[in-house]
>>> print(open('work.txt').read())   # compact mmCIF, C-alpha atoms and all ligand atoms
# COMPACT_ATOMS: atom_id res chain seq x y z
CA MET A 1 -117.13 25.55 -52.12
CA GLU A 2 -114.59 27.40 -54.24
CA ASN A 3 -112.18 27.14 -51.27
CA ILE A 4 -112.59 23.38 -50.99
CA ILE A 5 -111.99 23.10 -54.73
CA LYS A 6 -108.84 25.22 -54.40
CA HIS A 7 -107.59 22.94 -51.67
CA HIS A 8 -108.10 19.93 -53.96
CA ILE A 9 -106.34 21.74 -56.81
CA LYS A 10 -103.30 22.36 -54.61
CA ASN A 11 -103.13 18.64 -53.91
CA VAL A 12 -103.52 17.76 -57.58
CA LYS A 13 -100.66 20.14 -58.38
CA LYS A 14 -98.55 18.29 -55.81
CA GLY A 15 -99.23 15.12 -57.76
CA ASP A 16 -102.12 13.68 -55.78
CA GLN A 17 -104.31 12.26 -58.53
CA ALA A 18 -107.03 11.08 -56.15
CA ALA A 19 -107.82 14.71 -55.24
CA PHE A 20 -108.88 15.27 -58.84
CA GLU A 21 -111.76 12.87 -58.38
CA GLU A 22 -113.47 15.36 -56.06
CA ILE A 23 -113.16 18.03 -58.71
CA VAL A 24 -114.60 15.83 -61.47
CA SER A 25 -117.40 14.71 -59.22
CA PHE A 26 -118.31 18.30 -58.31
CA TYR A 27 -118.27 19.75 -61.83
CA GLN A 28 -119.31 16.77 -63.96
CA ASN A 29 -122.97 17.77 -64.37
CA LYS A 30 -122.20 21.36 -65.29
CA VAL A 31 -119.49 20.48 -67.78
CA TYR A 32 -121.62 17.74 -69.31
CA HIS A 33 -124.54 20.16 -69.49
CA ILE A 34 -122.54 22.79 -71.37
CA VAL A 35 -121.15 20.28 -73.84
CA PHE A 36 -124.45 18.46 -74.39
CA ARG A 37 -126.25 21.72 -75.15
CA MET A 38 -123.48 22.76 -77.52
CA ILE A 39 -123.13 19.43 -79.32
CA GLY A 40 -126.51 17.76 -78.97
CA ASP A 41 -125.48 14.13 -79.13
CA THR A 42 -125.24 12.32 -75.78
CA TYR A 43 -122.40 10.01 -76.79
CA GLU A 44 -120.28 12.78 -78.27
CA ALA A 45 -121.07 15.06 -75.35
CA GLN A 46 -119.81 12.49 -72.87
CA ASP A 47 -116.65 12.04 -74.91
CA ILE A 48 -115.91 15.78 -75.06
CA ALA A 49 -116.83 16.41 -71.42
CA GLN A 50 -114.39 13.69 -70.35
CA GLU A 51 -111.73 15.14 -72.62
CA ALA A 52 -112.29 18.54 -70.96
CA PHE A 53 -111.49 17.07 -67.53
CA ILE A 54 -108.46 15.20 -68.84
CA ARG A 55 -107.14 18.44 -70.39
CA ALA A 56 -107.78 20.26 -67.13
CA TYR A 57 -105.78 17.59 -65.29
CA THR A 58 -102.82 17.59 -67.65
CA ASN A 59 -102.71 21.41 -67.73
CA ILE A 60 -103.47 21.99 -64.06
CA HIS A 61 -100.10 23.72 -63.56
CA SER A 62 -101.13 26.49 -65.92
CA PHE A 63 -104.22 27.26 -63.82
CA ASP A 64 -103.74 30.45 -61.82
CA GLU A 65 -105.16 29.82 -58.34
CA ASN A 66 -106.11 33.47 -57.90
CA ARG A 67 -108.78 33.00 -60.52
CA LYS A 68 -112.04 31.12 -60.50
CA PHE A 69 -111.56 27.47 -61.37
CA SER A 70 -115.01 27.06 -62.95
CA THR A 71 -114.28 29.84 -65.47
CA TRP A 72 -111.07 28.07 -66.52
CA LEU A 73 -112.76 24.64 -66.71
CA TYR A 74 -115.80 25.88 -68.66
CA ARG A 75 -113.47 27.60 -71.08
CA ILE A 76 -111.75 24.31 -71.82
CA ALA A 77 -115.14 22.63 -72.28
CA THR A 78 -116.56 25.31 -74.60
CA ASN A 79 -113.36 25.48 -76.67
CA LEU A 80 -113.42 21.71 -77.19
CA SER A 81 -117.11 21.88 -78.13
CA ILE A 82 -116.58 24.73 -80.59
CA ASP A 83 -113.64 22.88 -82.15
CA ARG A 84 -115.78 19.80 -82.60
CA LEU A 85 -118.59 21.83 -84.17
CA ARG A 86 -116.12 23.41 -86.62
CA LYS A 87 -114.98 20.00 -87.76
CA LYS A 88 -118.56 18.95 -88.42
CA LYS A 89 -120.66 19.80 -91.42
CA PRO A 90 -121.16 23.56 -91.70
CA ASP A 91 -124.93 23.24 -92.33
CA TYR A 92 -125.71 23.15 -88.63
CA HIS A 93 -129.43 23.74 -89.23
CA LEU A 94 -129.85 20.38 -90.90
CA ASP A 95 -127.55 18.82 -88.33
CA ALA A 96 -129.55 20.23 -85.45
CA GLU A 97 -132.74 18.82 -86.95
CA VAL A 98 -131.29 15.30 -86.84
CA LYS A 99 -129.85 15.77 -83.37
CA GLY A 100 -133.11 17.22 -82.16
CA THR A 101 -134.93 14.10 -83.26
CA GLU A 102 -132.41 12.00 -81.36
CA GLY A 103 -133.02 14.12 -78.30
CA LEU A 104 -136.75 13.55 -78.60
CA ASP A 105 -136.18 9.82 -78.85
CA MET A 106 -134.10 9.91 -75.71
CA TYR A 107 -136.76 11.81 -73.79
CA SER A 108 -139.66 9.72 -75.02
CA GLN A 109 -137.68 6.53 -74.40
CA LEU A 110 -137.18 7.64 -70.82
CA ALA A 111 -140.88 8.44 -70.49
CA ALA A 112 -141.92 5.04 -71.87
CA ASP A 113 -139.46 3.12 -69.67
CA GLN A 114 -140.68 4.64 -66.45
CA ALA A 115 -144.39 4.92 -67.29
CA LEU A 116 -144.40 8.52 -66.16
CA PRO A 117 -147.52 10.58 -65.49
CA GLU A 118 -148.86 12.62 -68.40
CA GLU A 119 -147.56 15.98 -67.15
CA GLU A 120 -144.03 14.66 -66.81
CA VAL A 121 -144.18 13.26 -70.31
CA GLN A 122 -145.27 16.68 -71.48
CA ASN A 123 -142.46 18.31 -69.56
CA MET A 124 -139.96 15.98 -71.21
CA GLU A 125 -141.33 16.85 -74.61
CA LEU A 126 -141.00 20.51 -73.74
CA GLN A 127 -137.39 20.04 -72.58
CA SER A 128 -136.66 18.13 -75.73
CA ASN A 129 -138.07 20.99 -77.82
CA ILE A 130 -136.01 23.58 -75.97
CA HIS A 131 -132.90 21.47 -76.44
CA LYS A 132 -133.63 21.16 -80.15
CA GLU A 133 -134.18 24.91 -80.53
CA ILE A 134 -130.96 25.77 -78.68
CA LEU A 135 -129.13 23.44 -81.06
CA SER A 136 -130.69 25.14 -84.04
CA LEU A 137 -128.99 28.41 -83.10
CA PRO A 138 -125.73 29.27 -84.86
CA PRO A 139 -122.91 28.17 -82.48
CA LYS A 140 -121.83 31.71 -81.65
CA TYR A 141 -125.26 32.42 -80.13
CA ARG A 142 -125.57 28.93 -78.70
CA GLY A 143 -122.52 29.40 -76.43
CA VAL A 144 -123.79 32.52 -74.68
CA ILE A 145 -127.33 31.15 -74.37
CA VAL A 146 -126.11 27.90 -72.79
CA LEU A 147 -123.85 29.66 -70.29
CA ARG A 148 -126.38 32.38 -69.53
CA PHE A 149 -128.41 30.44 -66.97
CA LEU A 150 -125.82 27.97 -65.80
CA ASP A 151 -124.23 28.38 -62.39
CA ASP A 152 -125.27 32.05 -61.97
CA LEU A 153 -122.50 33.16 -64.30
CA SER A 154 -122.22 36.91 -64.79
CA LEU A 155 -122.04 38.33 -68.31
CA ALA A 156 -118.42 39.29 -67.59
CA GLU A 157 -117.60 35.69 -66.69
CA ILE A 158 -119.28 34.46 -69.86
CA GLY A 159 -117.05 36.89 -71.75
CA GLU A 160 -114.01 35.45 -69.99
CA ILE A 161 -115.03 31.87 -70.76
CA LEU A 162 -115.67 32.56 -74.43
CA ASP A 163 -112.88 35.10 -74.77
CA LEU A 164 -115.28 37.82 -75.93
CA PRO A 165 -115.63 41.47 -74.94
CA LEU A 166 -118.63 42.24 -72.71
CA GLY A 167 -120.35 44.23 -75.47
CA THR A 168 -120.16 41.24 -77.83
CA VAL A 169 -121.57 38.93 -75.14
CA LYS A 170 -124.57 41.25 -74.73
CA THR A 171 -125.17 41.58 -78.46
CA ARG A 172 -125.07 37.82 -78.88
CA ILE A 173 -127.43 37.23 -75.98
CA HIS A 174 -129.90 39.72 -77.45
CA ARG A 175 -129.66 38.17 -80.89
CA GLY A 176 -129.90 34.60 -79.57
CA ARG A 177 -132.84 35.50 -77.37
CA GLU A 178 -134.67 37.05 -80.34
CA LEU A 179 -134.09 33.91 -82.43
CA LEU A 180 -135.36 31.68 -79.64
CA ARG A 181 -138.36 33.91 -78.97
CA LYS A 182 -139.60 33.23 -82.50
CA LYS A 183 -139.02 29.48 -82.14
CA LEU A 184 -140.39 29.04 -78.64
CA ARG A 185 -143.39 31.37 -78.60
CA HIS A 186 -145.82 28.61 -79.53
CA VAL A 187 -144.62 25.85 -77.22
CA MET B 1 -139.60 56.00 -77.88
CA ASN B 2 -140.28 53.99 -81.03
CA CYS B 3 -140.77 50.22 -81.17
CA GLU B 4 -137.23 49.48 -82.28
CA GLU B 5 -135.78 51.38 -79.32
CA SER B 6 -138.29 49.72 -77.04
CA GLN B 7 -137.19 46.24 -78.17
CA LYS B 8 -133.54 47.07 -77.66
CA LEU B 9 -134.35 48.28 -74.17
CA MET B 10 -136.28 45.07 -73.37
CA HIS B 11 -133.08 43.06 -73.74
CA GLN B 12 -131.11 45.48 -71.60
CA TYR B 13 -133.85 45.29 -69.01
CA LEU B 14 -133.76 41.47 -69.03
CA ASP B 15 -129.96 41.58 -68.61
CA GLY B 16 -130.37 43.89 -65.62
CA ASP B 17 -128.67 46.65 -67.58
CA ALA B 18 -131.48 49.22 -67.73
CA SER B 19 -131.50 52.28 -65.47
CA GLU B 20 -134.59 53.19 -63.44
CA GLU B 21 -135.52 55.93 -65.93
CA GLU B 22 -135.11 53.56 -68.86
CA ALA B 23 -137.27 50.95 -67.14
CA GLN B 24 -139.96 53.56 -66.58
CA LEU B 25 -139.86 54.63 -70.23
CA LEU B 26 -140.14 50.98 -71.27
CA ARG B 27 -143.15 50.38 -69.01
CA GLU B 28 -144.89 53.44 -70.47
CA HIS B 29 -144.28 52.22 -74.00
CA LEU B 30 -145.49 48.70 -73.21
CA HIS B 31 -148.75 50.10 -71.78
CA ALA B 32 -149.34 52.04 -74.95
CA CYS B 33 -148.13 49.47 -77.53
CA PRO B 34 -149.79 46.01 -77.73
CA ASP B 35 -147.18 44.71 -80.22
CA CYS B 36 -144.30 45.47 -77.89
CA GLN B 37 -146.31 44.14 -74.95
CA GLN B 38 -146.67 40.84 -76.83
CA HIS B 39 -142.99 40.87 -77.83
CA TYR B 40 -141.94 41.42 -74.24
CA GLN B 41 -144.15 38.59 -72.96
CA GLU B 42 -142.58 36.23 -75.48
CA LEU B 43 -139.09 37.23 -74.42
CA LYS B 44 -140.03 36.67 -70.78
CA GLN B 45 -141.37 33.23 -71.65
CA THR B 46 -138.15 32.40 -73.53
CA GLU B 47 -136.13 33.46 -70.50
CA SER B 48 -138.16 31.30 -68.16
CA LEU B 49 -137.97 28.25 -70.46
CA LEU B 50 -134.20 28.63 -70.74
CA SER B 51 -133.70 29.07 -67.04
CA GLY B 52 -135.86 25.98 -66.43
CA ALA B 53 -133.76 24.01 -68.88
CA ALA B 54 -130.50 25.02 -67.17
CA TYR B 55 -130.92 22.61 -64.23
CA GLU B 56 -132.11 19.73 -66.28
CA LEU B 57 -129.11 17.62 -67.16
CA SER B 58 -126.82 15.32 -65.25
CA ALA B 59 -123.74 13.52 -66.48
CA PRO B 60 -124.07 9.83 -67.40
CA ALA B 61 -123.56 7.25 -64.65
CA ALA B 62 -119.93 6.42 -63.77
CA PHE B 63 -118.73 9.57 -65.52
CA THR B 64 -116.20 10.37 -62.80
CA ASP B 65 -114.82 6.82 -62.68
CA SER B 66 -114.44 6.85 -66.41
CA VAL B 67 -112.48 10.14 -66.33
CA MET B 68 -110.23 8.90 -63.52
CA ALA B 69 -109.47 5.71 -65.46
CA LYS B 70 -108.39 7.74 -68.49
CA LEU B 71 -106.00 10.09 -66.68
CA PRO B 72 -102.30 9.64 -67.36
CA LYS B 73 -100.76 7.46 -64.63
CA GLU B 74 -99.33 9.47 -61.79
CA LYS B 75 -95.65 9.10 -60.98
CA LYS B 76 -95.01 6.02 -58.83
CA ARG B 77 -93.07 7.89 -56.19
CA VAL B 78 -95.94 10.25 -55.51
CA GLY B 79 -98.25 7.27 -55.20
CA TYR B 80 -96.02 5.58 -52.63
CA MET B 81 -95.44 8.78 -50.73
CA ARG B 82 -99.16 9.51 -50.48
CA TRP B 83 -99.77 5.96 -49.31
CA PHE B 84 -97.01 6.33 -46.75
CA ARG B 85 -98.49 9.60 -45.48
CA THR B 86 -102.04 8.35 -45.26
CA HIS B 87 -101.25 4.91 -43.79
CA PRO B 88 -98.41 5.41 -41.27
CA VAL B 89 -99.32 2.43 -39.10
CA LEU B 90 -99.71 0.06 -42.02
CA THR B 91 -96.47 1.35 -43.47
CA ALA B 92 -94.64 0.69 -40.22
CA ALA B 93 -96.11 -2.82 -40.08
CA ALA B 94 -95.24 -3.48 -43.71
CA VAL B 95 -91.68 -2.29 -43.23
CA PHE B 96 -91.37 -4.36 -40.06
CA PHE B 97 -92.37 -7.53 -41.90
CA LEU B 98 -90.20 -6.61 -44.83
CA PHE B 99 -87.22 -6.47 -42.49
CA MET B 100 -88.25 -9.67 -40.80
CA PHE B 101 -88.04 -11.58 -44.05
CA THR B 102 -84.88 -10.00 -45.36
CA SER B 103 -81.31 -10.35 -44.33
CA VAL B 104 -81.37 -6.79 -43.06
CA PHE B 105 -83.30 -7.98 -40.05
CA SER B 106 -80.60 -10.45 -39.13
CA ALA B 107 -78.32 -7.46 -38.62
CA TRP B 108 -80.23 -6.90 -35.40
CA ASN B 109 -78.14 -8.89 -33.01
CA ASN B 110 -74.85 -8.40 -31.24
CA ASP B 111 -73.06 -11.06 -33.23
CA ALA B 112 -73.55 -9.21 -36.49
CA SER B 113 -70.45 -7.73 -38.00
CA VAL B 114 -69.68 -4.09 -37.65
CA SER B 115 -70.37 -1.74 -40.49
CA VAL B 116 -69.45 1.88 -40.99
CA SER B 117 -70.64 4.39 -43.55
CA LYS B 118 -67.15 5.77 -44.29
CA GLN B 119 -63.90 3.85 -44.32
CA GLU B 120 -61.20 6.36 -45.31
CA GLY B 121 -58.74 7.02 -42.52
CA LEU B 122 -60.71 4.97 -40.01
CA ILE B 123 -59.45 1.96 -38.12
CA VAL B 124 -61.82 -0.97 -37.61
CA GLU B 125 -60.78 -3.45 -34.89
CA ASN B 126 -63.30 -6.23 -34.21
CA ASP B 127 -66.43 -4.35 -33.07
CA LEU B 128 -64.67 -1.07 -32.59
CA VAL B 129 -64.41 1.77 -35.08
CA ILE B 130 -61.69 4.33 -34.35
CA VAL B 131 -61.32 7.82 -35.72
CA PRO B 132 -57.56 8.23 -35.17
CA GLU B 133 -56.06 11.36 -33.80
CA GLY B 134 -55.39 13.99 -36.44
CA VAL B 135 -58.03 12.50 -38.74
CA THR B 136 -61.13 14.58 -39.55
CA VAL B 137 -64.08 12.75 -41.06
CA GLU B 138 -65.78 15.05 -43.56
CA GLY B 139 -69.56 14.50 -43.50
CA ASP B 140 -71.94 12.30 -41.54
CA LEU B 141 -70.85 9.04 -39.98
CA VAL B 142 -73.04 6.04 -39.26
CA VAL B 143 -71.71 3.07 -37.30
CA GLU B 144 -73.80 -0.06 -37.02
CA ASN B 145 -73.28 -2.99 -34.65
CA GLY B 146 -70.12 -1.56 -33.16
CA ASP B 147 -68.68 1.03 -30.81
CA LEU B 148 -67.12 4.25 -31.96
CA ASP B 149 -64.04 5.88 -30.51
CA ILE B 150 -63.42 9.40 -31.73
CA ARG B 151 -59.82 10.48 -31.14
CA GLY B 152 -59.82 12.82 -34.08
CA GLU B 153 -62.86 14.80 -35.27
CA VAL B 154 -66.11 14.28 -37.16
CA ASP B 155 -67.29 17.26 -39.21
CA GLY B 156 -70.92 16.15 -39.45
CA ASP B 157 -73.64 14.14 -37.70
CA VAL B 158 -72.83 10.88 -35.93
CA THR B 159 -75.29 8.04 -35.54
CA ILE B 160 -74.48 4.83 -33.73
CA LEU B 161 -76.84 1.92 -34.16
CA ASN B 162 -76.56 -0.81 -31.61
CA GLY B 163 -73.32 0.42 -30.12
CA ASP B 164 -71.69 3.06 -27.92
CA LEU B 165 -69.56 6.11 -28.28
CA LEU B 166 -66.30 5.53 -26.38
CA LYS B 167 -63.48 7.58 -25.03
CA GLY B 168 -61.83 5.91 -22.16
CA ALA B 169 -64.84 5.20 -19.96
CA GLY B 170 -67.72 6.98 -18.22
CA ALA B 171 -70.14 9.77 -19.04
CA GLU B 172 -67.62 12.60 -18.84
CA ALA B 173 -65.38 11.03 -21.39
CA ASN B 174 -68.41 10.48 -23.56
CA MET B 175 -69.27 14.18 -23.36
CA ALA B 176 -65.72 15.08 -24.26
CA ALA B 177 -65.86 12.80 -27.29
CA ALA B 178 -69.12 14.43 -28.34
CA ASP B 179 -67.26 17.74 -28.42
CA ASN B 180 -65.32 16.43 -31.37
CA ILE B 181 -68.50 16.15 -33.43
CA THR B 182 -69.59 19.31 -35.17
CA GLY B 183 -73.04 17.94 -36.09
CA GLU B 184 -75.68 16.09 -34.11
CA TYR B 185 -74.93 12.97 -32.15
CA GLN B 186 -77.45 10.19 -31.97
CA GLU B 187 -77.20 6.77 -30.38
CA ILE B 188 -79.84 4.24 -31.27
CA ASP B 189 -79.92 0.89 -29.61
CA GLN B 190 -83.55 0.26 -29.01
CA MET B 191 -85.09 -2.04 -31.60
CA PHE B 192 -87.83 0.40 -32.47
CA GLY B 193 -85.49 3.33 -32.85
CA TRP B 194 -83.31 1.20 -35.08
CA LEU B 195 -86.30 0.27 -37.20
CA TRP B 196 -87.45 3.85 -37.38
CA PHE B 197 -84.03 4.97 -38.51
CA HIS B 198 -84.10 2.50 -41.40
CA MET B 199 -87.62 3.47 -42.33
CA LYS B 200 -86.68 7.11 -42.53
CA GLN B 201 -83.67 6.22 -44.65
CA ALA B 202 -85.87 4.16 -46.95
CA PHE B 203 -88.38 6.94 -47.44
CA THR B 204 -86.01 9.85 -47.77
CA PHE B 205 -85.48 10.39 -51.46
ZN ZN C 301 -143.93 49.33 -79.62
>>> encode(input="work.txt", output="structure tokens")
Amino acid sequence: MENIIKHHIKNVKKGDQAAFEEIVSFYQNKVYHIVFRMIGDTYEAQDIAQEAFIRAYTNIHSFDENRKFSTWLYRIATNLSIDRLRKKKPDYHLDAEVKGTEGLDMYSQLAADQALPEEEVQNMELQSNIHKEILSLPPKYRGVIVLRFLDDLSLAEIGEILDLPLGTVKTRIHRGRELLRKKLRHV
Amino acid sequence: MNCEESQKLMHQYLDGDASEEEAQLLREHLHACPDCQQHYQELKQTESLLSGAAYELSAPAAFTDSVMAKLPKEKKRVGYMRWFRTHPVLTAAAVFFLFMFTSVFSAWNNDASVSVSKQEGLIVENDLVIVPEGVTVEGDLVVENGDLDIRGEVDGDVTILNGDLLKGAGAEANMAAADNITGEYQEIDQMFGWLWFHMKQAFTF
């Protein structure tokens, strides 16, 4: 897949805008996922995820084709997310509480609309809780936790995306995992 | 191993960073210590919840279309060139009709007046263009709707559209005249070749 993506990138660099559509289509879920987990709000997440792709397009000439495209793209997405979080209120705990409630509404709305079986409703509530607890983490732990299980990224790649040394990535994963353990042990 | 060391090792183990000996030491401690056993189970559960949550989300509908609509407009030339590359037959048809409805197309007949790409030092008599003896045309020469007689030299490519290259008469003379051209010589008097020549000119930027 990485080779097909590289082929599309070559065409985009030549000025073929239509080739970029394939790239957006392939990575949209992952980029949206990262941003949504970092930010919490669906509307804002969509806005930032789109901005990430637009930045990737306008800066495509600075992408080194010998490197992994996903690493470069996820870095743009996480940087934009972190910037947005910085501009928000610093009391992220309170913020996360509000966002978490929104998330729950979204999940329960979905459940009500589709008249889902009981176990799926429960699963949605569980997912909503996990989402809320990830958002309650301080952003520096949130980033590593979100990237940790996405796309089989290695710890070294996570370090590259977040511009952190490997040791720091590990410390943050351990710390974030401990915080989540306390929050999620009773779900 | 104390409990603090054991908990540190749990994280390394979950990251795949623990050696075989370290893993063994951890297992021994977990067997002996219910608190750490509990702690480890909770970490495992956290890991499994997070990994389950990682494949949960998809982008909103029409996300890709929305991104594409917001991209800065690509340069027109690239757009035309891509269209030209991907639709050669349609392009040929479009160009054909374009010529049909423009005065350019009317140039395709023997009554049309002669035209030549360079005038300096050349003699134009009716439908005949002459490169006089002692005159060297610097660069490419295109003659349209007329014959060309090279008595001097052309230092470049020669293309004749709807006409002939003359020197006296006959093929031998023609060959001799071609010797006075340093570049390539091309004679186009089939309609399609003529059209193709103009298309290439139009799309060569
Ligand atoms: Zn212990």
>>> interface_residues(input="work.txt", of="chain A", to="chain B", cutoff="7 Å", atoms="all atoms listed in the file", output="list of chain:residue names")
A:Gly15, A:Gln17, A:Glu21, A:Val24, A:Ser25, A:Gln28, A:Asn29, A:Tyr32, A:His33, A:Gln50, A:Ile54, A:Gln127, A:Phe149, A:Leu150, A:His174, A:Leu180, A:Arg181, A:Leu184, A:Arg185
>>> residues_around(input="work.txt", residues="Tyr185 of chain B", least_positions_apart="4", cutoff="8 Å", atoms="only C-alpha atoms", output="compact mmCIF listing (two decimals) with C-alpha atoms, keeping the file's coordinate frame")
# COMPACT_ATOMS: atom_id res chain seq x y z
CA ASP B 157 -73.64 14.14 -37.70
CA VAL B 158 -72.83 10.88 -35.93
CA THR B 159 -75.29 8.04 -35.54
CA ALA B 178 -69.12 14.43 -28.34
CA ILE B 181 -68.50 16.15 -33.43
>>> closest_residue(input="work.txt", among="B:Pro34, B:Gly16, B:Gly183, B:Gly121", to="ligand ZN 301 (chain C)", atoms="all atoms listed in the file")
B:Pro34
>>> residues_near_ligand(input="work.txt", ligand="ligand ZN 301 (chain C)", cutoff="12 Å", atoms="all atoms listed in the file", output="list in words")
Met1, Asn2, Cys3, Glu4, Glu5, Ser6, Gln7, Lys8, Leu9, Met10, Leu25, Leu26, Arg27, Glu28, His29, Leu30, His31, Ala32, Cys33, Pro34, Asp35, Cys36, Gln37, Gln38, His39 and Tyr40 of chain B
>>> atom_distance(input="work.txt", atom1="atom CA of Ile9 of chain A", atom2="atom CA of Val35 of chain A")
22.6 Å
>>> residues_near_point(input="work.txt", point="(-143.5, 18.5, -69.1)", cutoff="12 Å", atoms="all atoms listed in the file", output="PyMOL selection string")
(chain A and resi 107-108+111+116-130+187) or (chain B and resi 49+52-53+56)
>>> write_last_selection(input="work.txt", atoms="C-alpha atoms", output="tab-separated table (two decimals), keeping the file's coordinate frame")
chain	number	residue	atom	x	y	z
A	107	TYR	CA	-136.76	11.81	-73.79
A	108	SER	CA	-139.66	9.72	-75.02
A	111	ALA	CA	-140.88	8.44	-70.49
A	116	LEU	CA	-144.40	8.52	-66.16
A	117	PRO	CA	-147.52	10.58	-65.49
A	118	GLU	CA	-148.86	12.62	-68.40
A	119	GLU	CA	-147.56	15.98	-67.15
A	120	GLU	CA	-144.03	14.66	-66.81
A	121	VAL	CA	-144.18	13.26	-70.31
A	122	GLN	CA	-145.27	16.68	-71.48
A	123	ASN	CA	-142.46	18.31	-69.56
A	124	MET	CA	-139.96	15.98	-71.21
A	125	GLU	CA	-141.33	16.85	-74.61
A	126	LEU	CA	-141.00	20.51	-73.74
A	127	GLN	CA	-137.39	20.04	-72.58
A	128	SER	CA	-136.66	18.13	-75.73
A	129	ASN	CA	-138.07	20.99	-77.82
A	130	ILE	CA	-136.01	23.58	-75.97
A	187	VAL	CA	-144.62	25.85	-77.22
B	49	LEU	CA	-137.97	28.25	-70.46
B	52	GLY	CA	-135.86	25.98	-66.43
B	53	ALA	CA	-133.76	24.01	-68.88
B	56	GLU	CA	-132.11	19.73	-66.28
>>> atom_distance(input="work.txt", atom1="atom CA of Ala49 of chain A", atom2="atom CA of Ala61 of chain B")
13.2 Å
>>> residues_around(input="work.txt", residues="Lys140 of chain A", least_positions_apart="5", cutoff="9 Å", atoms="all atoms listed in the file", output="list in words")
Ile82, Arg172 and Gly176 of chain A
>>> write_last_selection(input="work.txt", atoms="C-alpha atoms", output="JSON list (two decimals), in the frame of the given file")
[["chain", "number", "residue", "atom", "x", "y", "z"],
["A", 82, "ILE", "CA", -116.58, 24.73, -80.59],
["A", 172, "ARG", "CA", -125.07, 37.82, -78.88],
["A", 176, "GLY", "CA", -129.90, 34.60, -79.57]]
>>> atom_distance(input="work.txt", atom1="atom CA of Thr71 of chain A", atom2="atom CA of Ala69 of chain B")
24.6 Å
